[in-house]
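Participant: Just input.txt, nothing more (compact mmCIF, N, CA and C atoms):
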# COMPACT_ATOMS: atom_id res chain seq x y z
N MET P 284 0.83 -1.18 0.00
CA MET P 284 0.00 0.00 0.00
C MET P 284 0.87 1.23 0.00
N GLU P 285 0.40 2.14 -0.72
CA GLU P 285 1.15 3.38 -0.84
C GLU P 285 0.53 4.43 0.05
N LYS P 286 1.35 5.03 0.86
CA LYS P 286 0.85 6.08 1.75
C LYS P 286 1.21 7.42 1.18
N THR P 287 0.32 8.34 1.30
CA THR P 287 0.61 9.69 0.83
C THR P 287 0.72 10.59 2.04
N LEU P 288 1.68 11.41 1.98
CA LEU P 288 1.84 12.38 3.06
C LEU P 288 0.94 13.57 2.77
N ALA P 289 0.38 14.10 3.81
CA ALA P 289 -0.47 15.26 3.65
C ALA P 289 0.40 16.49 3.48
N THR P 290 0.47 16.95 2.30
CA THR P 290 1.21 18.17 2.02
C THR P 290 0.21 19.31 1.91
N PRO P 291 0.66 20.52 1.98
CA PRO P 291 -0.28 21.63 1.86
C PRO P 291 -1.06 21.59 0.55
N ASP P 292 -0.44 21.08 -0.53
CA ASP P 292 -1.15 21.00 -1.81
C ASP P 292 -2.26 19.95 -1.76
N ASN P 293 -1.98 18.76 -1.17
CA ASN P 293 -3.00 17.71 -1.05
C ASN P 293 -4.15 18.18 -0.17
N THR P 294 -3.84 18.80 0.94
CA THR P 294 -4.86 19.25 1.88
C THR P 294 -5.78 20.25 1.20
N ARG P 295 -5.18 21.15 0.47
CA ARG P 295 -5.98 22.17 -0.20
C ARG P 295 -6.91 21.53 -1.23
N SER P 296 -6.43 20.56 -2.00
CA SER P 296 -7.28 19.94 -3.01
C SER P 296 -8.40 19.13 -2.37
N ILE P 297 -8.10 18.47 -1.26
CA ILE P 297 -9.15 17.73 -0.55
C ILE P 297 -10.18 18.68 0.01
N SER P 298 -9.74 19.79 0.63
CA SER P 298 -10.68 20.74 1.20
C SER P 298 -11.51 21.41 0.10
N VAL P 299 -10.90 21.63 -1.06
CA VAL P 299 -11.64 22.21 -2.18
C VAL P 299 -12.70 21.23 -2.65
N LEU P 300 -12.34 19.94 -2.75
CA LEU P 300 -13.31 18.93 -3.16
C LEU P 300 -14.45 18.82 -2.15
N CYS P 301 -14.11 18.82 -0.87
CA CYS P 301 -15.14 18.71 0.16
C CYS P 301 -16.04 19.93 0.14
N SER P 302 -15.45 21.13 0.04
CA SER P 302 -16.28 22.32 0.05
C SER P 302 -17.13 22.40 -1.22
N ALA P 303 -16.61 21.89 -2.35
CA ALA P 303 -17.39 21.88 -3.58
C ALA P 303 -18.59 20.96 -3.44
N SER P 304 -18.40 19.79 -2.84
CA SER P 304 -19.53 18.87 -2.68
C SER P 304 -20.53 19.41 -1.67
N VAL P 305 -20.04 20.08 -0.64
CA VAL P 305 -20.94 20.68 0.34
C VAL P 305 -21.75 21.80 -0.33
N LYS P 306 -21.06 22.61 -1.15
CA LYS P 306 -21.76 23.69 -1.84
C LYS P 306 -22.81 23.14 -2.80
N THR P 307 -22.47 22.05 -3.49
CA THR P 307 -23.42 21.44 -4.42
C THR P 307 -24.64 20.94 -3.67
N ARG P 308 -24.41 20.25 -2.54
CA ARG P 308 -25.54 19.76 -1.74
C ARG P 308 -26.37 20.92 -1.20
N ALA P 309 -25.67 21.98 -0.75
CA ALA P 309 -26.38 23.13 -0.22
C ALA P 309 -27.21 23.81 -1.31
N ALA P 310 -26.63 23.92 -2.50
CA ALA P 310 -27.37 24.53 -3.61
C ALA P 310 -28.59 23.70 -3.97
N GLY P 311 -28.42 22.39 -3.98
CA GLY P 311 -29.55 21.50 -4.26
C GLY P 311 -30.64 21.65 -3.21
N PHE P 312 -30.22 21.77 -1.95
CA PHE P 312 -31.18 21.95 -0.86
C PHE P 312 -31.93 23.27 -1.03
N GLU P 313 -31.18 24.33 -1.38
CA GLU P 313 -31.81 25.63 -1.58
C GLU P 313 -32.82 25.58 -2.73
N ARG P 314 -32.44 24.92 -3.83
CA ARG P 314 -33.37 24.81 -4.96
C ARG P 314 -34.62 24.06 -4.56
N ARG P 315 -34.45 22.94 -3.85
CA ARG P 315 -35.62 22.16 -3.42
C ARG P 315 -36.48 22.97 -2.46
N THR P 316 -35.83 23.68 -1.57
CA THR P 316 -36.58 24.48 -0.60
C THR P 316 -37.34 25.59 -1.31
N LYS P 317 -36.67 26.28 -2.24
CA LYS P 317 -37.35 27.33 -2.98
C LYS P 317 -38.52 26.78 -3.78
N ARG P 318 -38.33 25.60 -4.38
CA ARG P 318 -39.40 24.98 -5.15
C ARG P 318 -40.59 24.66 -4.24
N ARG P 319 -40.29 24.10 -3.08
CA ARG P 319 -41.38 23.78 -2.14
C ARG P 319 -42.10 25.04 -1.69
N LEU P 320 -41.31 26.08 -1.39
CA LEU P 320 -41.93 27.33 -0.95
C LEU P 320 -42.78 27.94 -2.05
N SER P 321 -42.29 27.91 -3.29
CA SER P 321 -43.08 28.48 -4.38
C SER P 321 -44.35 27.67 -4.60
N GLN P 322 -44.26 26.34 -4.45
CA GLN P 322 -45.46 25.51 -4.59
C GLN P 322 -46.44 25.81 -3.47
N THR P 323 -45.92 26.01 -2.27
CA THR P 323 -46.78 26.33 -1.14
C THR P 323 -47.44 27.67 -1.35
N LYS P 324 -46.66 28.67 -1.79
CA LYS P 324 -47.23 29.99 -2.06
C LYS P 324 -48.29 29.90 -3.14
N ALA P 325 -48.01 29.12 -4.18
CA ALA P 325 -48.97 28.96 -5.27
C ALA P 325 -50.26 28.34 -4.77
N SER P 326 -50.15 27.33 -3.92
CA SER P 326 -51.36 26.68 -3.41
C SER P 326 -52.11 27.62 -2.48
N VAL P 327 -51.38 28.43 -1.72
CA VAL P 327 -52.04 29.40 -0.85
C VAL P 327 -52.76 30.44 -1.70
N CYS P 328 -52.11 30.90 -2.78
CA CYS P 328 -52.73 31.87 -3.67
C CYS P 328 -53.98 31.29 -4.31
N VAL P 329 -53.91 30.04 -4.73
CA VAL P 329 -55.07 29.39 -5.35
C VAL P 329 -56.21 29.31 -4.34
N SER P 330 -55.90 28.92 -3.12
CA SER P 330 -56.97 28.81 -2.13
C SER P 330 -57.52 30.18 -1.79
N ASP P 331 -56.67 31.23 -1.77
CA ASP P 331 -57.15 32.58 -1.54
C ASP P 331 -58.06 33.01 -2.69
N GLU P 332 -57.68 32.69 -3.92
CA GLU P 332 -58.51 33.02 -5.08
C GLU P 332 -59.83 32.28 -5.01
N GLU P 333 -59.78 31.01 -4.61
CA GLU P 333 -61.02 30.23 -4.50
C GLU P 333 -61.91 30.83 -3.42
N ASP P 334 -61.31 31.25 -2.30
CA ASP P 334 -62.09 31.87 -1.24
C ASP P 334 -62.72 33.17 -1.73
N ASP P 335 -61.94 33.96 -2.50
CA ASP P 335 -62.47 35.20 -3.06
C ASP P 335 -63.61 34.91 -4.02
N ASP P 336 -63.43 33.89 -4.86
CA ASP P 336 -64.48 33.53 -5.82
C ASP P 336 -65.75 33.08 -5.10
N GLU P 337 -65.58 32.26 -4.07
CA GLU P 337 -66.75 31.79 -3.31
C GLU P 337 -67.46 32.96 -2.64
N GLU P 338 -66.69 33.88 -2.09
CA GLU P 338 -67.28 35.04 -1.43
C GLU P 338 -68.02 35.91 -2.44
N GLU P 339 -67.45 36.07 -3.62
CA GLU P 339 -68.09 36.86 -4.67
C GLU P 339 -69.40 36.20 -5.12
N VAL P 340 -69.40 34.89 -5.26
CA VAL P 340 -70.62 34.17 -5.65
C VAL P 340 -71.69 34.34 -4.57
N LYS P 341 -71.29 34.22 -3.31
CA LYS P 341 -72.26 34.38 -2.21
C LYS P 341 -72.86 35.78 -2.22
N GLU P 342 -72.02 36.79 -2.48
CA GLU P 342 -72.53 38.17 -2.53
C GLU P 342 -73.52 38.34 -3.67
N LYS P 343 -73.23 37.74 -4.81
CA LYS P 343 -74.12 37.87 -5.96
C LYS P 343 -75.44 37.14 -5.71
N ILE P 344 -75.38 36.01 -5.05
CA ILE P 344 -76.62 35.29 -4.72
C ILE P 344 -77.47 36.11 -3.77
N GLU P 345 -76.83 36.74 -2.79
CA GLU P 345 -77.57 37.59 -1.85
C GLU P 345 -78.21 38.77 -2.57
N ALA P 346 -77.48 39.37 -3.51
CA ALA P 346 -78.05 40.48 -4.29
C ALA P 346 -79.23 40.00 -5.12
N LEU P 347 -79.10 38.81 -5.71
CA LEU P 347 -80.20 38.24 -6.50
C LEU P 347 -81.42 37.98 -5.62
N LYS P 348 -81.19 37.53 -4.41
CA LYS P 348 -82.31 37.29 -3.48
C LYS P 348 -83.06 38.58 -3.18
N ARG P 349 -82.32 39.69 -3.11
CA ARG P 349 -82.98 40.98 -2.85
C ARG P 349 -83.75 41.48 -4.07
N ILE P 350 -83.29 41.15 -5.27
CA ILE P 350 -83.92 41.66 -6.49
C ILE P 350 -85.19 40.87 -6.83
N ILE P 351 -85.13 39.57 -6.73
CA ILE P 351 -86.25 38.71 -7.12
C ILE P 351 -87.32 38.76 -6.04
N PRO P 352 -88.58 39.02 -6.44
CA PRO P 352 -89.66 39.02 -5.44
C PRO P 352 -89.78 37.67 -4.75
N GLY P 353 -89.74 37.67 -3.43
CA GLY P 353 -89.82 36.44 -2.65
C GLY P 353 -88.52 35.65 -2.64
N GLY P 354 -87.45 36.23 -3.13
CA GLY P 354 -86.18 35.52 -3.25
C GLY P 354 -85.50 35.22 -1.93
N THR P 355 -85.78 36.02 -0.91
CA THR P 355 -85.11 35.80 0.38
C THR P 355 -85.53 34.50 1.03
N ALA P 356 -86.70 33.99 0.67
CA ALA P 356 -87.18 32.75 1.27
C ALA P 356 -86.80 31.51 0.46
N LEU P 357 -86.08 31.70 -0.65
CA LEU P 357 -85.78 30.59 -1.55
C LEU P 357 -84.36 30.07 -1.36
N GLY P 358 -84.18 28.78 -1.66
CA GLY P 358 -82.84 28.20 -1.72
C GLY P 358 -82.21 28.57 -3.06
N VAL P 359 -80.97 28.19 -3.25
CA VAL P 359 -80.24 28.59 -4.46
C VAL P 359 -80.89 28.02 -5.72
N ASP P 360 -81.23 26.74 -5.72
CA ASP P 360 -81.84 26.13 -6.92
C ASP P 360 -83.17 26.78 -7.26
N ALA P 361 -84.01 26.93 -6.26
CA ALA P 361 -85.32 27.56 -6.49
C ALA P 361 -85.14 29.02 -6.89
N LEU P 362 -84.13 29.67 -6.34
CA LEU P 362 -83.85 31.06 -6.69
C LEU P 362 -83.50 31.19 -8.16
N PHE P 363 -82.68 30.28 -8.67
CA PHE P 363 -82.31 30.34 -10.08
C PHE P 363 -83.53 30.07 -10.97
N GLU P 364 -84.38 29.15 -10.59
CA GLU P 364 -85.59 28.88 -11.38
C GLU P 364 -86.51 30.09 -11.37
N GLU P 365 -86.66 30.68 -10.19
CA GLU P 365 -87.52 31.86 -10.06
C GLU P 365 -86.94 33.03 -10.86
N THR P 366 -85.62 33.15 -10.87
CA THR P 366 -84.96 34.21 -11.64
C THR P 366 -85.25 34.05 -13.12
N ALA P 367 -85.16 32.83 -13.62
CA ALA P 367 -85.45 32.58 -15.04
C ALA P 367 -86.88 32.98 -15.37
N GLY P 368 -87.82 32.60 -14.53
CA GLY P 368 -89.22 32.97 -14.75
C GLY P 368 -89.42 34.47 -14.67
N TYR P 369 -88.74 35.11 -13.73
CA TYR P 369 -88.85 36.56 -13.55
C TYR P 369 -88.31 37.30 -14.77
N ILE P 370 -87.20 36.82 -15.31
CA ILE P 370 -86.63 37.44 -16.51
C ILE P 370 -87.60 37.32 -17.68
N MET P 371 -88.20 36.14 -17.85
CA MET P 371 -89.17 35.96 -18.93
C MET P 371 -90.38 36.87 -18.75
N SER P 372 -90.82 37.03 -17.52
CA SER P 372 -91.94 37.91 -17.22
C SER P 372 -91.60 39.36 -17.57
N LEU P 373 -90.39 39.78 -17.19
CA LEU P 373 -89.95 41.14 -17.52
C LEU P 373 -89.86 41.36 -19.02
N GLN P 374 -89.38 40.35 -19.74
CA GLN P 374 -89.30 40.46 -21.20
C GLN P 374 -90.68 40.62 -21.81
N CYS P 375 -91.66 39.88 -21.31
CA CYS P 375 -93.04 40.01 -21.81
C CYS P 375 -93.58 41.41 -21.51
N GLN P 376 -93.28 41.93 -20.33
CA GLN P 376 -93.74 43.27 -19.98
C GLN P 376 -93.11 44.32 -20.91
N ILE P 377 -91.84 44.14 -21.23
CA ILE P 377 -91.17 45.07 -22.14
C ILE P 377 -91.82 45.04 -23.51
N LYS P 378 -92.12 43.85 -24.02
CA LYS P 378 -92.78 43.74 -25.32
C LYS P 378 -94.15 44.41 -25.29
N SER P 379 -94.89 44.19 -24.21
CA SER P 379 -96.22 44.80 -24.07
C SER P 379 -96.13 46.32 -24.06
N ILE P 380 -95.17 46.84 -23.33
CA ILE P 380 -95.00 48.30 -23.25
C ILE P 380 -94.62 48.86 -24.62
N LYS P 381 -93.75 48.14 -25.35
CA LYS P 381 -93.38 48.60 -26.70
C LYS P 381 -94.60 48.64 -27.62
N VAL P 382 -95.44 47.62 -27.55
CA VAL P 382 -96.64 47.58 -28.39
C VAL P 382 -97.58 48.72 -28.02
N LEU P 383 -97.79 48.93 -26.74
CA LEU P 383 -98.67 50.03 -26.30
C LEU P 383 -98.11 51.39 -26.71
N THR P 384 -96.80 51.56 -26.55
CA THR P 384 -96.16 52.82 -26.93
C THR P 384 -96.33 53.07 -28.42
N SER P 385 -96.10 52.04 -29.21
CA SER P 385 -96.26 52.17 -30.66
C SER P 385 -97.70 52.54 -31.02
N PHE P 386 -98.66 51.89 -30.38
CA PHE P 386 -100.08 52.16 -30.63
C PHE P 386 -100.43 53.59 -30.27
N LEU P 387 -99.97 54.05 -29.10
CA LEU P 387 -100.28 55.41 -28.67
C LEU P 387 -99.62 56.45 -29.56
N GLN P 388 -98.41 56.15 -30.06
CA GLN P 388 -97.76 57.09 -30.97
C GLN P 388 -98.55 57.21 -32.27
N ARG P 389 -99.09 56.10 -32.76
CA ARG P 389 -99.89 56.14 -33.99
C ARG P 389 -101.18 56.94 -33.75
N LEU P 390 -101.77 56.77 -32.58
CA LEU P 390 -102.98 57.54 -32.26
C LEU P 390 -102.69 59.03 -32.24
N ASP P 391 -101.55 59.40 -31.63
CA ASP P 391 -101.19 60.82 -31.58
C ASP P 391 -100.99 61.38 -32.98
N LYS P 392 -100.38 60.62 -33.86
CA LYS P 392 -100.16 61.09 -35.23
C LYS P 392 -101.49 61.27 -35.96
N GLU P 393 -102.44 60.36 -35.75
CA GLU P 393 -103.76 60.47 -36.39
C GLU P 393 -104.52 61.66 -35.85
N ASP P 394 -104.42 61.90 -34.55
CA ASP P 394 -105.11 63.06 -33.96
C ASP P 394 -104.55 64.35 -34.54
N MET P 395 -103.25 64.39 -34.80
CA MET P 395 -102.65 65.60 -35.38
C MET P 395 -103.15 65.82 -36.81
N LYS P 396 -103.36 64.72 -37.52
CA LYS P 396 -103.83 64.82 -38.91
C LYS P 396 -105.25 65.42 -38.93
N PHE P 397 -106.05 65.00 -37.97
CA PHE P 397 -107.46 65.44 -37.97
C PHE P 397 -107.66 66.69 -37.13
N GLY P 398 -106.55 67.25 -36.63
CA GLY P 398 -106.63 68.51 -35.88
C GLY P 398 -107.18 68.33 -34.49
N GLY P 399 -107.05 67.15 -33.89
CA GLY P 399 -107.64 66.89 -32.59
C GLY P 399 -106.76 67.08 -31.47
Take the structure in the file and give it back as structure tokens.

Facilitator:
Amino acid sequence: MEKTLATPDNTRSISVLCSASVKTRAAGFERRTKRRLSQTKASVCVSDEEDDDEEEVKEKIEALKRIIPGGTALGVDALFEETAGYIMSLQCQIKSIKVLTSFLQRLDKEDMKFGG
């Protein structure tokens, strides 16, 4: 077996190798840690966004309950059905008002023709 004496040159090369491997392991640890932290932050952001979305939906449902007649006593499913019916009812009322307005405008024009 061959023995090597520890000379300042050998010691330095060994310490450089050891410090290089320690730095590599430390860098790998830092990368993994940063990756985990970024994933954690991303999941926290997603859950915050989901919470915001849920809160926004709840606010809109509450506003809809105030708009729809009798909506405060309804559950969400019944509220949506009632909303659909209410929208159709409003559309029919708009059409009726347009027809009446058109009819009254024609009457006014005829009265003007006959000097009435």

Participant: Work out how far atom CA of Leu390 of chain P is from atom N of Gln374 of chain P, in Å to one decimal.

Facilitator: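 Separation between atom N of Gln374 of chain P and atom CA of Leu390 of chain P: 25.2 Å.
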
Participant: Go ahead and find all residues with at least one atom no further than 12 Å from (-85.8, 41.3, -8.5) in the file's coordinates, using only C-alpha atoms; report them as number ranges by chain.

Facilitator: P: 344-355, 362-363, 365-370, 372-373

Participant: State, in Å with one decimal place, the distance from atom C of Arg389 of chain P to atom N of Gln376 of chain P.

Facilitator: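 Rounded to one decimal, the two atoms are 21.6 Å apart.
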
Participant: Give me, please, the distance in Å between atom CA of Lys341 of chain P and atom CA of Val359 of chain P, quoted to one decimal.

Facilitator: 10.1 Å
